[in-house]
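Asker: My structure file input-v5.txt, compact mmCIF, C-alpha atoms, is below:
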```txt
# COMPACT_ATOMS: atom_id res chain seq x y z
CA MET A 23 -8.98 57.04 3.20
CA THR A 24 -12.29 55.19 3.09
CA GLN A 25 -12.89 51.69 4.39
CA PRO A 26 -13.76 48.99 1.81
CA HIS A 27 -17.46 48.47 1.24
CA ALA A 28 -19.59 46.54 -1.21
CA LYS A 29 -18.60 47.38 -4.76
CA SER A 30 -20.86 49.49 -6.91
CA ALA A 31 -21.76 48.25 -10.39
CA SER A 32 -19.17 50.56 -11.96
CA ALA A 33 -16.50 49.49 -9.46
CA GLU A 34 -17.32 45.85 -10.20
CA THR A 35 -16.85 46.51 -13.91
CA LEU A 36 -13.49 48.18 -13.30
CA THR A 37 -12.38 45.27 -11.11
CA ASN A 38 -13.33 42.75 -13.78
CA GLN A 39 -11.43 44.77 -16.38
CA LEU A 40 -8.39 44.92 -14.12
CA LEU A 41 -8.44 41.15 -13.60
CA SER A 42 -8.76 40.64 -17.34
CA ASP A 43 -5.78 42.94 -17.99
CA ILE A 44 -3.70 41.12 -15.37
CA SER A 45 -4.58 37.76 -16.90
CA GLN A 46 -3.49 38.97 -20.32
CA ALA A 47 -0.23 40.30 -18.89
CA GLU A 48 0.45 36.97 -17.19
CA GLU A 49 -0.15 35.14 -20.46
CA ILE A 50 2.21 37.46 -22.36
CA ILE A 51 4.99 37.07 -19.77
CA ALA A 52 4.46 33.31 -19.51
CA ASN A 53 4.74 32.91 -23.28
CA ALA A 54 7.86 35.08 -23.41
CA CYS A 55 9.48 33.05 -20.64
CA ALA A 56 8.60 29.79 -22.38
CA LYS A 57 10.19 30.98 -25.62
CA THR A 58 13.43 31.96 -23.88
CA GLY A 59 13.57 29.02 -21.48
CA ARG A 60 13.11 31.20 -18.41
CA SER A 61 11.21 30.15 -15.31
CA PHE A 62 7.78 31.62 -14.63
CA PHE A 63 5.48 31.30 -11.62
CA HIS A 64 2.13 32.82 -10.84
CA CYS A 65 -0.54 32.42 -8.21
CA ASN A 66 -3.38 34.71 -7.19
CA GLY A 67 -1.83 38.15 -6.73
CA PHE A 68 1.71 36.86 -7.15
CA MET A 69 3.72 36.57 -10.38
CA THR A 70 7.47 36.26 -10.87
CA TYR A 71 10.02 35.02 -13.40
CA ASP A 72 13.73 34.22 -13.56
CA ARG A 73 13.57 32.44 -10.19
CA ASN A 74 15.11 29.05 -9.41
CA LEU A 75 11.83 27.58 -8.10
CA SER A 76 13.74 24.98 -6.11
CA PHE A 77 10.55 23.30 -4.90
CA GLY A 78 9.69 22.56 -8.53
CA GLY A 79 12.78 20.35 -8.72
CA ASP A 80 11.92 18.52 -5.51
CA GLU A 81 10.19 15.38 -6.77
CA LYS A 82 8.81 14.52 -3.34
CA PHE A 83 7.44 18.03 -2.87
CA MET A 84 5.66 18.01 -6.23
CA SER A 85 4.36 14.48 -5.71
CA VAL A 86 2.91 15.30 -2.27
CA ALA A 87 1.45 18.56 -3.60
CA ALA A 88 -0.25 16.64 -6.40
CA ARG A 89 -1.73 14.23 -3.83
CA HIS A 90 -3.36 17.15 -2.04
CA ALA A 91 -4.25 19.18 -5.13
CA ALA A 92 -8.00 18.62 -4.70
CA LEU A 93 -7.91 20.86 -1.62
CA PHE A 94 -6.09 23.75 -3.28
CA ASP A 95 -8.21 26.91 -2.95
CA MET A 96 -6.57 28.33 -6.07
CA PRO A 97 -4.08 27.05 -8.64
CA ASN A 98 -0.33 27.11 -8.08
CA TRP A 99 -0.39 27.28 -4.29
CA HIS A 100 3.04 25.64 -4.21
CA TRP A 101 5.06 28.63 -3.02
CA ASN A 102 2.81 29.04 0.03
CA LEU A 103 3.26 25.36 0.82
CA HIS A 104 7.01 25.75 0.31
CA VAL A 105 7.07 28.51 2.96
CA ALA A 106 4.99 26.42 5.37
CA LEU A 107 7.26 23.42 4.86
CA TRP A 108 10.35 25.55 5.44
CA ALA A 109 8.84 26.89 8.67
CA ALA A 110 7.94 23.41 9.90
CA LYS A 111 11.34 21.92 9.06
CA THR A 112 13.07 24.87 10.71
CA ALA A 113 11.10 24.23 13.91
CA LEU A 114 11.55 20.45 14.00
CA HIS A 115 14.81 20.50 15.96
CA LEU A 116 13.40 22.86 18.62
CA PRO A 117 11.72 21.83 21.87
CA GLY A 118 7.96 22.18 21.80
CA ASP A 119 4.98 21.15 19.70
CA PHE A 120 3.16 22.60 16.70
CA ILE A 121 -0.17 24.44 16.63
CA GLU A 122 -2.43 25.69 13.85
CA LEU A 123 -5.37 28.01 14.43
CA GLY A 124 -7.71 27.94 11.45
CA VAL A 125 -7.57 24.57 9.72
CA PHE A 126 -10.30 24.97 7.08
CA ARG A 127 -10.03 21.75 5.05
CA GLY A 128 -6.53 20.92 6.28
CA LEU A 129 -4.47 21.65 3.18
CA THR A 130 -1.40 23.23 4.77
CA THR A 131 -1.01 20.88 7.71
CA GLY A 132 -2.05 17.89 5.62
CA PHE A 133 0.62 18.64 3.02
CA VAL A 134 3.38 19.29 5.56
CA ALA A 135 2.46 16.26 7.68
CA ASP A 136 2.48 14.05 4.59
CA TYR A 137 5.84 15.38 3.38
CA LEU A 138 7.50 15.07 6.80
CA GLU A 139 5.83 11.74 7.64
CA TRP A 140 4.56 13.36 10.82
CA GLN A 141 3.42 10.08 12.38
CA LYS A 142 7.12 9.26 12.89
CA ILE A 143 7.99 12.56 14.57
CA PRO A 144 7.99 12.77 18.40
CA LYS A 145 5.91 15.95 18.51
CA THR A 146 2.20 16.72 18.71
CA TRP A 147 0.43 19.03 16.27
CA TYR A 148 -2.65 20.76 17.71
CA LEU A 149 -5.30 21.92 15.21
CA PHE A 150 -8.17 24.26 16.07
CA ASP A 151 -11.11 25.30 13.92
CA LEU A 152 -14.68 26.45 14.42
CA PHE A 153 -15.96 24.07 11.71
CA GLY A 154 -19.08 26.15 11.34
CA LYS A 155 -20.59 29.48 10.40
CA PHE A 156 -17.97 32.20 10.43
CA ASP A 157 -18.31 34.71 13.26
CA ALA A 158 -18.93 37.93 11.34
CA SER A 159 -18.21 40.05 14.44
CA GLN A 160 -14.57 38.90 14.35
CA ALA A 161 -14.09 39.07 10.59
CA ASN A 162 -11.98 41.62 8.79
CA ASP A 163 -14.08 44.38 7.23
CA SER A 164 -13.35 43.25 3.68
CA TRP A 165 -13.46 39.48 4.24
CA GLN A 166 -16.07 37.36 2.48
CA VAL A 167 -17.57 35.77 5.59
CA THR A 168 -20.28 34.02 3.58
CA TYR A 169 -17.67 31.91 1.76
CA TYR A 170 -17.78 29.27 4.51
CA ASP A 171 -21.56 28.99 4.42
CA GLN A 172 -21.29 26.60 1.48
CA TYR A 173 -19.81 23.91 3.74
CA ASP A 174 -21.99 21.70 5.89
CA PRO A 175 -20.34 21.91 9.36
CA ALA A 176 -20.77 18.23 10.24
CA THR A 177 -19.42 17.01 6.89
CA TRP A 178 -16.61 19.55 6.94
CA GLU A 179 -15.44 18.50 10.41
CA ALA A 180 -15.77 14.79 9.63
CA GLN A 181 -13.67 15.12 6.48
CA VAL A 182 -10.92 16.99 8.33
CA ARG A 183 -10.85 14.41 11.13
CA GLN A 184 -10.67 11.62 8.55
CA ARG A 185 -7.86 13.46 6.79
CA PHE A 186 -5.73 13.42 9.93
CA ALA A 187 -6.79 10.02 11.24
CA PRO A 188 -3.50 8.41 10.05
CA TYR A 189 -1.58 10.68 12.43
CA PRO A 190 -1.97 9.73 16.11
CA ASN A 191 0.09 12.78 17.05
CA ILE A 192 -2.26 15.30 15.41
CA ILE A 193 -5.12 16.48 17.63
CA VAL A 194 -8.12 18.17 15.98
CA THR A 195 -10.23 20.34 18.30
CA LYS A 196 -13.48 22.08 17.42
CA GLY A 197 -14.05 25.45 19.03
CA ASN A 198 -14.04 29.20 18.68
CA VAL A 199 -10.64 30.86 19.07
CA PRO A 200 -9.67 32.42 21.42
CA SER A 201 -12.16 31.07 24.00
CA ILE A 202 -11.40 27.40 23.23
CA LEU A 203 -7.74 27.99 24.07
CA HIS A 204 -8.66 28.51 27.73
CA THR A 205 -10.31 25.09 28.09
CA ALA A 206 -8.80 22.71 25.53
CA LYS A 207 -5.40 21.05 25.75
CA THR A 208 -2.72 23.22 24.16
CA PRO A 209 1.08 22.90 24.04
CA ASP A 210 3.13 24.21 26.95
CA LYS A 211 5.98 24.94 24.54
CA ILE A 212 5.47 25.88 20.90
CA ALA A 213 8.06 25.39 18.16
CA PHE A 214 5.79 26.35 15.26
CA MET A 215 2.54 28.31 15.18
CA HIS A 216 0.40 28.88 12.09
CA LEU A 217 -2.32 31.54 12.31
CA ASP A 218 -5.01 31.40 9.62
CA LEU A 219 -8.23 32.58 11.28
CA ASN A 220 -9.16 35.29 8.75
CA ALA A 221 -10.11 37.39 11.78
CA ALA A 222 -7.83 40.11 13.11
CA LYS A 223 -9.17 40.37 16.66
CA ALA A 224 -9.17 36.60 17.14
CA GLU A 225 -5.57 36.29 15.93
CA ILE A 226 -4.41 39.06 18.27
CA ALA A 227 -6.21 37.39 21.18
CA ALA A 228 -4.56 34.07 20.28
CA LEU A 229 -1.14 35.73 20.20
CA GLU A 230 -1.79 37.20 23.65
CA ILE A 231 -2.39 33.69 24.97
CA LEU A 232 0.21 31.68 23.06
CA PHE A 233 3.15 33.83 21.94
CA ASP A 234 4.97 33.64 25.27
CA ARG A 235 4.97 29.85 24.89
CA VAL A 236 6.86 30.01 21.57
CA VAL A 237 10.42 28.90 22.25
CA PRO A 238 13.48 30.89 21.13
CA GLY A 239 13.98 30.23 17.43
CA GLY A 240 10.34 29.18 17.10
CA VAL A 241 8.49 30.15 13.92
CA VAL A 242 5.21 32.06 13.75
CA LEU A 243 3.64 31.96 10.28
CA LEU A 244 0.80 34.41 9.59
CA ASP A 245 -1.20 33.14 6.63
CA ASP A 246 -3.15 36.29 5.73
CA TYR A 247 -0.70 39.04 6.66
CA GLY A 248 0.04 40.34 3.17
CA TRP A 249 -3.38 40.16 1.52
CA THR A 250 -5.28 43.42 0.96
CA ALA A 251 -8.46 41.67 2.15
CA ALA A 252 -6.68 41.23 5.49
CA HIS A 253 -5.34 44.78 5.77
CA GLU A 254 -6.97 45.13 9.20
CA THR A 255 -5.10 42.02 10.35
CA GLN A 256 -1.81 43.39 9.09
CA LYS A 257 -2.26 46.72 10.86
CA LEU A 258 -3.10 45.13 14.20
CA GLU A 259 -0.42 42.42 14.00
CA MET A 260 2.26 44.83 12.81
CA ALA A 261 1.56 47.04 15.84
CA TRP A 262 1.29 44.08 18.23
CA PHE A 263 4.67 42.65 17.21
CA ALA A 264 6.32 46.08 17.01
CA ALA A 265 5.34 46.73 20.62
CA ARG A 266 7.36 43.63 21.52
CA GLY A 267 10.37 44.57 19.41
CA TYR A 268 9.59 42.40 16.37
CA MET A 269 9.22 43.23 12.70
CA VAL A 270 7.01 40.93 10.66
CA MET A 271 8.51 39.95 7.33
CA GLU A 272 5.83 40.25 4.66
CA ILE A 273 6.25 37.66 1.91
CA PRO A 274 4.90 38.05 -1.66
CA THR A 275 2.85 34.89 -1.11
CA GLY A 276 0.64 36.88 1.26
CA GLN A 277 2.15 35.30 4.35
CA GLY A 278 3.98 36.97 7.24
CA LEU A 279 6.89 35.52 9.18
CA VAL A 280 8.29 36.06 12.68
CA ILE A 281 11.13 34.19 14.41
CA LYS A 282 10.91 34.23 18.21
CA ARG A 283 14.00 35.49 20.04
```
The structure given in the file should be rewritten as structure tokens.

Answerer:
Amino acid sequence: MTQPHAKSASAETLTNQLLSDISQAEEIIANACAKTGRSFFHCNGFMTYDRNLSFGGDEKFMSVAARHAALFDMPNWHWNLHVALWAAKTALHLPGDFIELGVFRGLTTGFVADYLEWQKIPKTWYLFDLFGKFDASQANDSWQVTYYDQYDPATWEAQVRQRFAPYPNIIVTKGNVPSILHTAKTPDKIAFMHLDLNAAKAEIAALEILFDRVVPGGVVLLDDYGWTAAHETQKLEMAWFAARGYMVMEIPTGQGLVIKR
């Protein structure tokens, strides 16, 4: 098996044809579902029908999602947000605080905090991000590390801090994970941890530091676990958790899920 490299011209053509074929298939299935009154949902790499889509009937969920729609990286990100909200609500009754490593523009935490009215909750949510040029040495082999170059670091950080300014119990920290975790304030007990660093080695290093602090019943949500672009992350995290007696549940959204014993 070869490792992914830059696509040749012919491979690029085949990829474009594949995406076109998938788009046509989605349109055919969507139209068929509409004609028969069946549900249909699709996001990037994820399509399903004949599902209840309970979040679609949650007026508050859809209203909050619409408020944050400008930050969606791709259309129909609702199922990913549904999983994140479930994880957060599951962890609310547990002792310990929340932590997210890899904030980007703050979509996931911003949505969940808005929905839960986080400012009223007696917990602290710690957010960590580099807010700068992606460290290519830590990136997955197939990750597009240049994607983040389009964002001015100062503007990016300022916008995220402004986004969470209404929440006195959300702390935004700039720094490179894992090194920043040794010097910055972090929770002693963790009820919910969200890993979204797009970097396998950094996520493993963060788990080494933080996983023992996750309380029994605590939720660890791995944002990139199921994506082919993050195959390196999946391999390392699958082995890391297996060595500790855990099996990561891979979700069709691309996320991975672990409940601490």

Asker: So which one's closest to Leu93 (chain A), A:Phe214, A:Phe133, A:Phe150, A:Phe186? Using only C-alpha atoms, please.

Answerer: A:Phe133

Asker: List every protein, DNA or RNA residue that has at least one atom no more than 9 Å from (-3.5, 35.6, 11.6) in the file's coordinates, counting all atoms listed in the file, and write the result as a PyMOL selection string.

Answerer: chain A and resi 123-124+216-226+228-229+243-247+252+255-256+259+278

Asker: Excluding region 47-64 of chain A and residues on its chain fewer than 5 positions from it, collect all residues at most 8 Å away from it, counting all atoms listed in the file, and give them as a compact mmCIF listing (two decimals) with C-alpha atoms, in the coordinates of the input.

Answerer:
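Listed below is the output, out24.txt:
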```
# COMPACT_ATOMS: atom_id res chain seq x y z
CA MET A 69 3.72 36.57 -10.38
CA THR A 70 7.47 36.26 -10.87
CA TYR A 71 10.02 35.02 -13.40
CA ASP A 72 13.73 34.22 -13.56
CA ARG A 73 13.57 32.44 -10.19
CA ASN A 74 15.11 29.05 -9.41
CA LEU A 75 11.83 27.58 -8.10
CA ASN A 98 -0.33 27.11 -8.08
```

Asker: To one decimal in Å, tell me the separation between CA of Leu116 (chain A) and CA of Trp101 (chain A).

Answerer: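 So the answer is 23.9 Å.
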
Asker: Skip Gln181 (chain A) itself and residues of its chain fewer than 6 positions away, then list as a ChimeraX atom specification all residues within 12 Å of it, counting all atoms listed in the file.

Answerer: /A:93,125-129,132,153,173-175,187,194

Asker: What does the file look like for those residues with C-alpha atoms, as a compact mmCIF listing (two decimals), keeping the file's coordinate frame?

Answerer:
```txt
# COMPACT_ATOMS: atom_id res chain seq x y z
CA LEU A 93 -7.91 20.86 -1.62
CA VAL A 125 -7.57 24.57 9.72
CA PHE A 126 -10.30 24.97 7.08
CA ARG A 127 -10.03 21.75 5.05
CA GLY A 128 -6.53 20.92 6.28
CA LEU A 129 -4.47 21.65 3.18
CA GLY A 132 -2.05 17.89 5.62
CA PHE A 153 -15.96 24.07 11.71
CA TYR A 173 -19.81 23.91 3.74
CA ASP A 174 -21.99 21.70 5.89
CA PRO A 175 -20.34 21.91 9.36
CA ALA A 187 -6.79 10.02 11.24
CA VAL A 194 -8.12 18.17 15.98
```

Asker: Would you list the contacts of Met215 (chain A) as JSON, numbers by chain, taking every protein, DNA or RNA residue within 10 Å and counting all atoms listed in the file, but skipping same-chain residues closer than 2 positions in sequence?

Answerer: {"A": [109, 110, 113, 119, 120, 121, 122, 123, 147, 148, 212, 213, 217, 218, 229, 232, 233, 236, 240, 241, 242, 243, 244, 280]}

Asker: What is the CA of Val105 (chain A)-CA of Ala264 (chain A) distance in Å, reported with one decimal?

Answerer: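 Calculated distance between CA of Val105 (chain A) and CA of Ala264 (chain A) is 22.5 Å.
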
Asker: What is the CA of Phe94 (chain A)-CA of Gln277 (chain A) distance in Å, reported with one decimal?

Answerer: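 Between CA of Phe94 (chain A) and CA of Gln277 (chain A) the gap is 16.1 Å.
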